[in-house]
Amino acid sequence: MLLYLRLLKESLSFAVNALRNNKLRTLLSLLGVTIGIFSIIAVLAAVDSLDKKISKDLSSLDKNTIYLLKFSFGPSEIPQWKREQFPNVKYDEYVALKNSLNNTDQVGYQLWVNKETLKYDSKTVADVKINPSSFEMADIDGLSFDKGRFYNEAESNSGTAVIVLGYDIAEGLFGSMDPIGKNIRLYGQRFTVIGVIAKQGAGFFGDSNDTSVYLPANFLRRMYGDSDAMTPMIILKPVKGVDMEAYKAEVTQKLRTIRGMKAGEMDNFFINVLSGFTDFIDGILGQMNVVGWIISGFSLLVGGFGIANIMFVSVKERTNLIGIQKSLGAKNKFILFQFLFEAVILSVIGGIIGLLMVWGIAIILTKALDFEFVLSFGNIMLGTTLAALIGLISGILPAISAANLDPVEAIRTGM
């Protein structure tokens with residue numbers, strides 16, 4: 001054990017001397033390892049950060065949540081011209097499914113509409129995301145409240161002019177004032193504020209409840225009817241542990257029956273399951289990982305050659321010293337491990353520089369983008385291990401050549 005500690009100490013000393021005496025050559029040689037480790041860990045950290053952000057944004061939603069509408073969230077074999085002929089889901093269908101589906105926790109109804117401007121006295125907030133929906137969406141979206149409440153079933157069904165504000169919207173219109181009970185203007189109508197959603201933070205998909213408002217969908221249906229300018233969807237939240245394939249089959253059969261569709265007719269609606277969307281995102285993140293490893297692999301290959309080059313030069317420069325060590329009784333194993341440790345230490349130094357670069361960029365991006373860029377302990381250990389492995393592989397041949405030197409020839413060559 002003491003022998004290996006001595007070897008490690010001497011190797012560290014030689015590695016530091018190599019950096020000090022041949023700064024430019026050593027740094028250029030380590031550049032490949034640095035870039036390779038930086039590339040791999042940066043990609044892995046970015047993927048981990050995105051995955052953490054997506055998981056956080058979707059944590060309030062059940063992955064088995066179904067979005068029923070005329071469009072597909074993902075690729076479809078049905079031609080676009082055919083999909084455009086599909087009818088929108090209807091409010092009556094929402095009511096019928098709610099009353100007839102088994103194994104269902106919640107059924108909600110929501111409209112996709114354009115962003116609007118909200119006004120309170122002389123203050124306005126533009127580009128507000130409007131969520132006209134039924135009362136069940138509070139539970140389906142997992143909303144929590146800073147003040148007040150969500151609208152109830154009676155207010156939802158009658159289309160009462162009440163509104164629930166996102167945190168940033170409430171601050172923009174009311175500041176430190178309590179907004180509950182105040183009236184704001186939207187669609188040229190007065191709405192009474194009954195709730196403020198707790199602050200959520202920026203969402204991965206761009207929108208956030210902080211900059212959104214909820215109001216009863218039936219208010220807009222009462223004003224405009226089932227206008228083509230609004231895209232409706234039905235949201236289904238099945239009970240936990242349900243057989244999803246059987247559940248989707250039941251939803252399909254129920255909606256086909258409601259629509260009076262004949263056997264053999266193709267479905268004119270799409271059942272979009274949230275887990276399918278998250279699987280799609282996971283696939284993209286996985287591809288990013290693979291591409292990152294491929295690109296970084298070339299950098300690590302170049303870095304490995306750089307480390308090998310340093311070590312061959314180091315063997316040549318220390319040929320005389322190797323001969324003296326051998327003549328004094330140093331075994332081949334001692335010389336072999338000495339150069340292997342030195343190669344590993346040099347490579348790890350390059351890897352640490354790469355990790356520090358990722359860490360610095362992570363701090364900058366976290367502050368600049370309001371996005372938590374995570375450099376996990378696991379990725380730090382992976383980067384360090386990869387750097388050590390590159391050094392070990394690159395140092396094998398130079399170490400073997402040093403260990404096999406004849407002591408007499410080594411001393412004579414070095415003189």
# chains A, B, ... in the order shown; residues from 1 in each chain; ligands from 1

$ residues_around --residues "Thr252 in chain A" --least-positions-apart "3" --cutoff "9 Å" --atoms "only C-alpha atoms" --output "list of chain:residue names"
A:Tyr247, A:Lys248, A:Ala249, A:Leu255, A:Arg256, A:Thr257, A:Asp267, A:Phe269, A:Ile271

$ residues_around --residues "Ala229 in chain A" --least-positions-apart "4" --cutoff "10 Å" --atoms "only C-alpha atoms" --output "PyMOL selection string"
chain A and resi 111-114+224

$ write_last_selection --atoms "N, CA and C atoms" --output "mmCIF file, in the first residue's frame"
data_model
loop_
_atom_site.group_PDB
_atom_site.id
_atom_site.type_symbol
_atom_site.label_atom_id
_atom_site.label_comp_id
_atom_site.auth_asym_id
_atom_site.auth_seq_id
_atom_site.Cartn_x
_atom_site.Cartn_y
_atom_site.Cartn_z
ATOM 1 N N LEU A 111 -61.469 24.879 -23.534
ATOM 2 C CA LEU A 111 -61.396 25.492 -24.858
ATOM 3 C C LEU A 111 -60.006 26.088 -25.070
ATOM 4 N N TRP A 112 -59.479 25.907 -26.282
ATOM 5 C CA TRP A 112 -58.261 26.617 -26.674
ATOM 6 C C TRP A 112 -58.677 27.885 -27.397
ATOM 7 N N VAL A 113 -58.251 29.017 -26.870
ATOM 8 C CA VAL A 113 -58.610 30.305 -27.464
ATOM 9 C C VAL A 113 -57.361 31.169 -27.560
ATOM 10 N N ASN A 114 -57.489 32.287 -28.273
ATOM 11 C CA ASN A 114 -56.374 33.209 -28.430
ATOM 12 C C ASN A 114 -56.070 33.935 -27.122
ATOM 13 N N TYR A 224 -70.609 33.245 -27.512
ATOM 14 C CA TYR A 224 -70.259 33.017 -28.907
ATOM 15 C C TYR A 224 -70.778 31.700 -29.474
#

$ closest_residue --among "A:Gly225, A:Leu118, A:Ala217, A:Gln200" --to "Ile184 in chain A" --atoms "only C-alpha atoms"
A:Leu118

$ select_by_dssp --residues "range 4-201 of chain A" --states "helix (DSSP H, G or I)" --output "ChimeraX atom specification"
/A:4-21,23-57,80-83,91-100,137-140,153-158,167-174

$ closest_residue --among "A:Phe135, A:Phe341, A:Tyr91, A:Phe174" --to "Val162 in chain A" --atoms "only C-alpha atoms"
A:Phe135

$ atom_distance --atom1 "CA of Ile349 in chain A" --atom2 "CA of Met288 in chain A"
26.6 Å

$ residues_around --residues "range 41-47 of chain A" --least-positions-apart "5" --cutoff "12 Å" --atoms "only C-alpha atoms" --output "JSON, numbers by chain"
{"A": [33, 34, 35, 36, 52, 53, 54, 55, 281, 282, 283, 284, 285, 286, 287, 288, 289, 290, 291, 292, 293, 294, 295, 296, 297, 351, 352, 353, 354, 355, 356, 357, 358, 359, 360, 361, 362, 365, 366, 371, 372, 373, 374, 375, 376, 377, 378, 379, 380, 381, 382, 383, 384, 385, 386, 387]}

$ closest_residue --among "A:Leu300, A:Ile322, A:Ile393, A:Ile180" --to "Ile40 in chain A" --atoms "only C-alpha atoms"
A:Leu300
